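Read the structure below first, then the notes.
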Amino acid sequence: MLSYFQAIIMGGLQGFSELFPVSSLGHSVILPKLLGWNVNQNDNFFLIFLVATHLATALVLLGFYYKDWLLIIKGIFHSLKIKRIDATNIYAKIGWLIVVASIPAGILGLLFEEKLKVLFASPNLVSIFLILNGLLLFGAELLRRKNFSAVATDLTNLSWAQSIKIGIAQCIALFPGFSRTGSTIGGGLFVGLDHTNSARFSFLLATPIILAASVLKLPELLNSGSAGAIGPIIVGSIVSAVTAYLSISFLTKYFETKKLTPFAVYCVVAGLLSYAILIFK
C-alpha cells in the first residue's frame with residue numbers, strides 16, 4: 001500500500017516522466033528504493049496504481065489532442081467505408097500510421113508481460129537501463145544531424161515502413177528505464193522527421209497503446225477488494241493528470257525549437273547516481 005503522500009509523489013512523477021523522455025516506469029522503480037519506502041513493486045496494488053496513473057495520463061493526451069482524434073477516427077471510418085485511404089484525407093493516413101506503429105509493442109507487450117514484470121524488482125538494473133536511455137537519446141540526435149536533409153515537414157510524408165520502424169523503436173520502452181516518448185521521438189528523428197513532428201507523432205502514438213494496456217488491467221482494479229487502496233489510487237491519478245497536462249503543454253512548445261540533449265544528460269547522470277547509491281544502500 002502507498003500512503004496518500006507517497007501516492008501524490010508517485011502520481012506527480014508519473015505525469016511528468018511519462019511524457020518527458022526520461023522513463024516513467026524507470027523512475028517508479030528507482031525512486032521508492034532511493035527514498036527507502038517499504039513498497040513491494042511486484043505487489044498487485046502497486047501495479048494497479050501504475051495502471052491507473054497511466055490511464056489518467058492517456059486521458060489527458062486524448063483530451064489535449066481531441067480535435068486531432070475526432071478527425072483521425074472519422075478518417076479511419078471513412079477509409080473503411082470506401083475501402084481505401086483517400087489521398088486528400090490526411091487524418092485517415094495518420095490514423096492508419098498510428099495503428100501500424102502500435103502493432104509491434106502491442107504484440108510484444110502481450111507475449112512478454114509476465115517476464116518483464118520481473119524487472120520491477122531490480123532497481124539496479126533499471127538504473128543501467130536509464131543510462132542506456134540517455135545514450136539512446138544522444139544517438140538519436142547524432143543520427144538526426146547526419147540525416148538533416150531528409151527531415152519531413154508533415155506526418156503524411158511518413159511511409160508505412162517508416163511508421164513500423166518508429167513502432168519497433170517503441171518496443172524498447174517495455175523495459176523500465178527506457179522511455180516510450182524518448183524511443184518514439186528518437187525513432188521519428190531516425191526516419192527523417194523533425195523534432196516537432198516526431199513529438200506530435202509520439203504523443204498521438206502513446207494514447208491508444210496506454211489506453212489499451214490500462215483498460216486490460218481495469219478489471220483488476222475493480223476486483224481488488226481493498227477499499228483502502230482506492231483512495232491513494234484516485235489521488236495519485238488526479239495528480240498524474242494535472243502534471244501530465246502541464247508536461248504536454250510545455251513539451252509541445254519545447255520541441256518546436258529544442259532538442260533531446262538535456263534529457264539525455266539527465267538520464268545518464270540520474271542513472272549513474274542512482275546506481276551508485278543503490279549498490280551501497
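Labels used: A, B, ... for chains in the order of the C-alpha cells, numbers from 1 for residues in each chain, and numbers from 1 for ligands as shown.
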
_Which of stretch 81-261 of chain A DSSP labels alpha helix (DSSP H), written as an MDAnalysis selection string_ = chainID A and resid 81:82 90:117 123:146 160:171 180:191 195:222 227:254 261

Output C-alpha atoms for every residue in the selection just made, as a tab-separated table (two decimals), in the first residue's frame.
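Result saved to selection_15.tsv:
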chain	number	residue	atom	x	y	z
A	81	LYS	CA	-16.30	2.63	-45.77
A	82	ILE	CA	-14.70	3.38	-49.14
A	90	ILE	CA	-4.56	13.33	-44.27
A	91	TYR	CA	-6.09	12.31	-40.93
A	92	ALA	CA	-7.11	8.92	-42.30
A	93	LYS	CA	-3.48	8.23	-43.20
A	94	ILE	CA	-2.22	9.49	-39.83
A	95	GLY	CA	-4.73	7.20	-38.12
A	96	TRP	CA	-3.57	4.13	-40.01
A	97	LEU	CA	0.07	5.09	-39.45
A	98	ILE	CA	-0.67	5.07	-35.70
A	99	VAL	CA	-2.37	1.67	-36.00
A	100	VAL	CA	0.59	0.20	-37.87
A	101	ALA	CA	3.14	1.69	-35.46
A	102	SER	CA	1.21	0.34	-32.43
A	103	ILE	CA	1.35	-3.29	-33.56
A	104	PRO	CA	4.96	-4.25	-32.61
A	105	ALA	CA	4.79	-3.03	-28.99
A	106	GLY	CA	1.26	-4.37	-28.58
A	107	ILE	CA	2.27	-7.88	-29.62
A	108	LEU	CA	5.49	-7.97	-27.59
A	109	GLY	CA	3.78	-6.48	-24.55
A	110	LEU	CA	1.15	-9.25	-24.55
A	111	LEU	CA	3.71	-12.01	-25.17
A	112	PHE	CA	6.28	-10.99	-22.56
A	113	GLU	CA	4.23	-9.12	-19.95
A	114	GLU	CA	4.92	-11.56	-17.11
A	115	LYS	CA	8.64	-11.82	-17.85
A	116	LEU	CA	9.01	-8.03	-17.99
A	117	LYS	CA	7.35	-7.66	-14.58
A	123	PRO	CA	16.18	-1.05	-9.47
A	124	ASN	CA	19.94	-1.50	-10.05
A	125	LEU	CA	19.26	-2.96	-13.49
A	126	VAL	CA	16.68	-0.25	-14.19
A	127	SER	CA	19.32	2.38	-13.34
A	128	ILE	CA	21.53	0.90	-16.04
A	129	PHE	CA	18.60	0.99	-18.49
A	130	LEU	CA	18.12	4.67	-17.61
A	131	ILE	CA	21.74	5.36	-18.52
A	132	LEU	CA	21.27	3.49	-21.80
A	133	ASN	CA	18.12	5.54	-22.44
A	134	GLY	CA	20.23	8.68	-22.18
A	135	LEU	CA	22.75	7.26	-24.65
A	136	LEU	CA	19.88	6.36	-26.98
A	137	LEU	CA	18.70	9.99	-26.91
A	138	PHE	CA	22.23	11.20	-27.67
A	139	GLY	CA	22.41	8.74	-30.55
A	140	ALA	CA	19.08	9.90	-31.97
A	141	GLU	CA	20.32	13.49	-32.08
A	142	LEU	CA	23.56	12.46	-33.78
A	143	LEU	CA	21.69	10.45	-36.42
A	144	ARG	CA	19.29	13.32	-36.98
A	145	ARG	CA	22.15	15.72	-37.68
A	146	LYS	CA	23.61	13.29	-40.22
A	160	TRP	CA	4.30	2.65	-43.81
A	161	ALA	CA	7.80	1.21	-43.42
A	162	GLN	CA	8.95	4.30	-41.53
A	163	SER	CA	5.91	4.05	-39.26
A	164	ILE	CA	6.77	0.44	-38.46
A	165	LYS	CA	10.35	1.48	-37.63
A	166	ILE	CA	9.01	4.00	-35.09
A	167	GLY	CA	6.75	1.26	-33.70
A	168	ILE	CA	9.72	-1.08	-33.35
A	169	ALA	CA	11.67	1.68	-31.58
A	170	GLN	CA	8.76	1.99	-29.14
A	171	CYS	CA	9.22	-1.65	-28.12
A	180	ARG	CA	8.38	5.48	-24.64
A	181	THR	CA	8.47	9.16	-25.53
A	182	GLY	CA	12.24	9.10	-25.99
A	183	SER	CA	12.25	5.96	-28.11
A	184	THR	CA	9.44	7.11	-30.41
A	185	ILE	CA	10.80	10.64	-30.81
A	186	GLY	CA	14.20	9.07	-31.48
A	187	GLY	CA	12.59	6.74	-34.00
A	188	GLY	CA	10.93	9.71	-35.67
A	189	LEU	CA	14.24	11.55	-35.93
A	190	PHE	CA	15.87	8.39	-37.31
A	191	VAL	CA	13.37	8.11	-40.18
A	195	HIS	CA	11.52	17.36	-33.54
A	196	THR	CA	8.07	18.91	-33.74
A	197	ASN	CA	6.58	16.18	-35.93
A	198	SER	CA	8.41	13.44	-34.03
A	199	ALA	CA	6.98	14.69	-30.74
A	200	ARG	CA	3.47	15.03	-32.14
A	201	PHE	CA	3.50	11.51	-33.58
A	202	SER	CA	4.97	10.20	-30.31
A	203	PHE	CA	2.16	11.70	-28.22
A	204	LEU	CA	-0.54	10.54	-30.63
A	205	LEU	CA	1.01	7.06	-30.73
A	206	ALA	CA	1.20	6.85	-26.94
A	207	THR	CA	-2.52	7.45	-26.44
A	208	PRO	CA	-4.07	4.23	-27.82
A	209	ILE	CA	-1.40	1.88	-26.50
A	210	ILE	CA	-1.54	3.32	-22.96
A	211	LEU	CA	-5.34	3.32	-23.05
A	212	ALA	CA	-5.48	-0.26	-24.30
A	213	ALA	CA	-3.00	-1.51	-21.68
A	214	SER	CA	-4.89	0.33	-18.94
A	215	VAL	CA	-8.32	-0.98	-19.99
A	216	LEU	CA	-6.99	-4.54	-19.97
A	217	LYS	CA	-5.94	-4.05	-16.34
A	218	LEU	CA	-9.05	-2.22	-15.13
A	219	PRO	CA	-10.85	-5.42	-14.03
A	220	GLU	CA	-8.04	-5.99	-11.52
A	221	LEU	CA	-8.65	-2.52	-10.10
A	222	LEU	CA	-12.41	-3.08	-9.85
A	227	ALA	CA	-11.42	-0.33	-0.12
A	228	GLY	CA	-8.40	1.32	1.49
A	229	ALA	CA	-6.48	1.09	-1.76
A	230	ILE	CA	-8.95	3.11	-3.79
A	231	GLY	CA	-8.22	6.46	-2.10
A	232	PRO	CA	-4.47	6.62	-2.87
A	233	ILE	CA	-5.15	5.37	-6.41
A	234	ILE	CA	-7.68	8.14	-7.08
A	235	VAL	CA	-5.45	10.83	-5.55
A	236	GLY	CA	-2.40	9.62	-7.45
A	237	SER	CA	-4.37	9.53	-10.71
A	238	ILE	CA	-5.63	13.10	-10.27
A	239	VAL	CA	-2.12	14.37	-9.57
A	240	SER	CA	-0.84	12.40	-12.56
A	241	ALA	CA	-3.46	14.01	-14.80
A	242	VAL	CA	-2.52	17.53	-13.65
A	243	THR	CA	1.21	17.02	-14.14
A	244	ALA	CA	0.64	15.28	-17.48
A	245	TYR	CA	-1.30	18.30	-18.72
A	246	LEU	CA	1.50	20.64	-17.61
A	247	SER	CA	4.04	18.37	-19.29
A	248	ILE	CA	2.31	18.11	-22.65
A	249	SER	CA	1.66	21.86	-22.69
A	250	PHE	CA	5.36	22.51	-22.11
A	251	LEU	CA	6.78	19.86	-24.42
A	252	THR	CA	4.70	20.74	-27.48
A	253	LYS	CA	6.27	24.20	-27.31
A	254	TYR	CA	9.71	22.96	-26.28
A	261	THR	CA	20.09	16.55	-25.47

*Kindly give the distance, in Å, that separates atom CA of A:Phe49 and atom CA of A:Tyr4, rounded to a single decimal.*
12.0 Å

_Selection near stretch 24-26 of chain A, 10 Å with only C-alpha atoms, sequence-local residues under 3 positions removed, as a PyMOL selection string_ = chain A and resi 10+13-21+29-31+50+54+119-120+123+125-130+173-181+271

Generate a file of the selected residues that holds N, CA and C atoms, formatted as an mmCIF file, in the first residue's frame.
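Final output, saved to part_5.cif:
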data_model
loop_
_atom_site.group_PDB
_atom_site.id
_atom_site.type_symbol
_atom_site.label_atom_id
_atom_site.label_comp_id
_atom_site.auth_asym_id
_atom_site.auth_seq_id
_atom_site.Cartn_x
_atom_site.Cartn_y
_atom_site.Cartn_z
ATOM 1 N N MET A 10 4.244 9.810 -6.312
ATOM 2 C CA MET A 10 4.334 8.866 -7.430
ATOM 3 C C MET A 10 3.426 9.277 -8.586
ATOM 4 N N LEU A 13 5.100 12.174 -10.322
ATOM 5 C CA LEU A 13 6.251 11.648 -11.062
ATOM 6 C C LEU A 13 5.806 10.983 -12.362
ATOM 7 N N GLN A 14 4.718 10.209 -12.296
ATOM 8 C CA GLN A 14 4.202 9.536 -13.490
ATOM 9 C C GLN A 14 3.781 10.544 -14.556
ATOM 10 N N GLY A 15 3.037 11.564 -14.148
ATOM 11 C CA GLY A 15 2.551 12.546 -15.110
ATOM 12 C C GLY A 15 3.659 13.266 -15.834
ATOM 13 N N PHE A 16 4.730 13.597 -15.103
ATOM 14 C CA PHE A 16 5.864 14.270 -15.734
ATOM 15 C C PHE A 16 6.707 13.301 -16.559
ATOM 16 N N SER A 17 7.105 12.208 -15.942
ATOM 17 C CA SER A 17 8.104 11.341 -16.575
ATOM 18 C C SER A 17 7.539 10.478 -17.700
ATOM 19 N N GLU A 18 6.222 10.289 -17.765
ATOM 20 C CA GLU A 18 5.645 9.535 -18.875
ATOM 21 C C GLU A 18 5.795 10.298 -20.189
ATOM 22 N N LEU A 19 5.655 11.611 -20.135
ATOM 23 C CA LEU A 19 5.681 12.413 -21.361
ATOM 24 C C LEU A 19 7.054 13.013 -21.635
ATOM 25 N N PHE A 20 7.811 13.334 -20.585
ATOM 26 C CA PHE A 20 9.207 13.698 -20.787
ATOM 27 C C PHE A 20 9.961 12.419 -21.159
ATOM 28 N N PRO A 21 10.966 12.506 -22.015
ATOM 29 C CA PRO A 21 11.657 11.293 -22.480
ATOM 30 C C PRO A 21 12.645 10.725 -21.467
ATOM 31 N N VAL A 29 10.266 2.642 -10.439
ATOM 32 C CA VAL A 29 11.008 1.537 -9.811
ATOM 33 C C VAL A 29 12.120 2.068 -8.907
ATOM 34 N N ILE A 30 12.839 3.088 -9.384
ATOM 35 C CA ILE A 30 14.025 3.562 -8.673
ATOM 36 C C ILE A 30 13.693 4.435 -7.464
ATOM 37 N N LEU A 31 12.773 5.396 -7.632
ATOM 38 C CA LEU A 31 12.532 6.389 -6.581
ATOM 39 C C LEU A 31 12.136 5.785 -5.232
ATOM 40 N N LEU A 50 0.039 1.948 -10.845
ATOM 41 C CA LEU A 50 0.726 2.399 -12.052
ATOM 42 C C LEU A 50 -0.221 2.424 -13.248
ATOM 43 N N HIS A 54 -1.250 5.728 -15.348
ATOM 44 C CA HIS A 54 -1.037 5.713 -16.798
ATOM 45 C C HIS A 54 -2.333 6.042 -17.534
ATOM 46 N N LEU A 119 11.506 -7.327 -13.916
ATOM 47 C CA LEU A 119 12.448 -6.207 -13.890
ATOM 48 C C LEU A 119 12.078 -5.156 -12.864
ATOM 49 N N PHE A 120 10.804 -5.127 -12.438
ATOM 50 C CA PHE A 120 10.380 -4.151 -11.437
ATOM 51 C C PHE A 120 11.058 -4.393 -10.090
ATOM 52 N N PRO A 123 15.898 -2.465 -9.209
ATOM 53 C CA PRO A 123 16.184 -1.052 -9.465
ATOM 54 C C PRO A 123 17.606 -0.804 -9.951
ATOM 55 N N LEU A 125 19.299 -2.715 -12.056
ATOM 56 C CA LEU A 125 19.263 -2.958 -13.491
ATOM 57 C C LEU A 125 18.525 -1.828 -14.211
ATOM 58 N N VAL A 126 17.453 -1.348 -13.599
ATOM 59 C CA VAL A 126 16.682 -0.249 -14.195
ATOM 60 C C VAL A 126 17.535 1.017 -14.278
ATOM 61 N N SER A 127 18.405 1.231 -13.295
ATOM 62 C CA SER A 127 19.315 2.382 -13.339
ATOM 63 C C SER A 127 20.231 2.306 -14.555
ATOM 64 N N ILE A 128 20.684 1.090 -14.856
ATOM 65 C CA ILE A 128 21.531 0.895 -16.036
ATOM 66 C C ILE A 128 20.726 1.179 -17.310
ATOM 67 N N PHE A 129 19.467 0.713 -17.335
ATOM 68 C CA PHE A 129 18.602 0.988 -18.488
ATOM 69 C C PHE A 129 18.386 2.492 -18.664
ATOM 70 N N LEU A 130 18.301 3.217 -17.541
ATOM 71 C CA LEU A 130 18.116 4.666 -17.612
ATOM 72 C C LEU A 130 19.337 5.331 -18.250
ATOM 73 N N ALA A 173 10.770 0.539 -24.937
ATOM 74 C CA ALA A 173 10.210 1.139 -23.732
ATOM 75 C C ALA A 173 9.452 0.130 -22.877
ATOM 76 N N LEU A 174 9.316 -1.116 -23.338
ATOM 77 C CA LEU A 174 8.744 -2.162 -22.492
ATOM 78 C C LEU A 174 9.660 -2.470 -21.314
ATOM 79 N N PHE A 175 10.944 -2.124 -21.449
ATOM 80 C CA PHE A 175 11.893 -2.301 -20.348
ATOM 81 C C PHE A 175 11.883 -1.041 -19.480
ATOM 82 N N PRO A 176 11.588 -1.161 -18.188
ATOM 83 C CA PRO A 176 11.595 0.021 -17.318
ATOM 84 C C PRO A 176 12.984 0.655 -17.277
ATOM 85 N N GLY A 177 13.036 1.940 -17.543
ATOM 86 C CA GLY A 177 14.303 2.645 -17.651
ATOM 87 C C GLY A 177 14.461 3.264 -19.027
ATOM 88 N N PHE A 178 13.817 2.635 -20.023
ATOM 89 C CA PHE A 178 13.756 3.205 -21.363
ATOM 90 C C PHE A 178 12.434 3.954 -21.513
ATOM 91 N N SER A 179 12.482 5.094 -22.155
ATOM 92 C CA SER A 179 11.313 5.957 -22.279
ATOM 93 C C SER A 179 10.549 5.713 -23.572
ATOM 94 N N ARG A 180 9.207 5.592 -23.442
ATOM 95 C CA ARG A 180 8.381 5.476 -24.636
ATOM 96 C C ARG A 180 8.471 6.752 -25.466
ATOM 97 N N THR A 181 8.365 7.895 -24.805
ATOM 98 C CA THR A 181 8.467 9.163 -25.528
ATOM 99 C C THR A 181 9.833 9.300 -26.194
ATOM 100 N N GLY A 271 20.879 8.099 -13.851
ATOM 101 C CA GLY A 271 21.116 6.658 -13.816
ATOM 102 C C GLY A 271 22.399 6.297 -13.086
#

*Pick the closest to A:Ala56 from A:His27, A:Phe77, A:Asn157, A:Gly12: which is it, counting only C-alpha atoms?*
A:Gly12

*Would you mind reading off the distance between atom CA of A:Gly11 and atom CA of A:Thr53, one decimal, in Å?*
6.2 Å

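You will find atom CA of A:Ile72 at 22.6 Å from atom CA of A:Phe255.
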
*asked:* My list of candidates is A:Leu34, A:Met1, A:Ile9, A:Leu61. Which is closest to A:Phe280 when distances are computed with only C-alpha atoms?
replied: A:Leu34
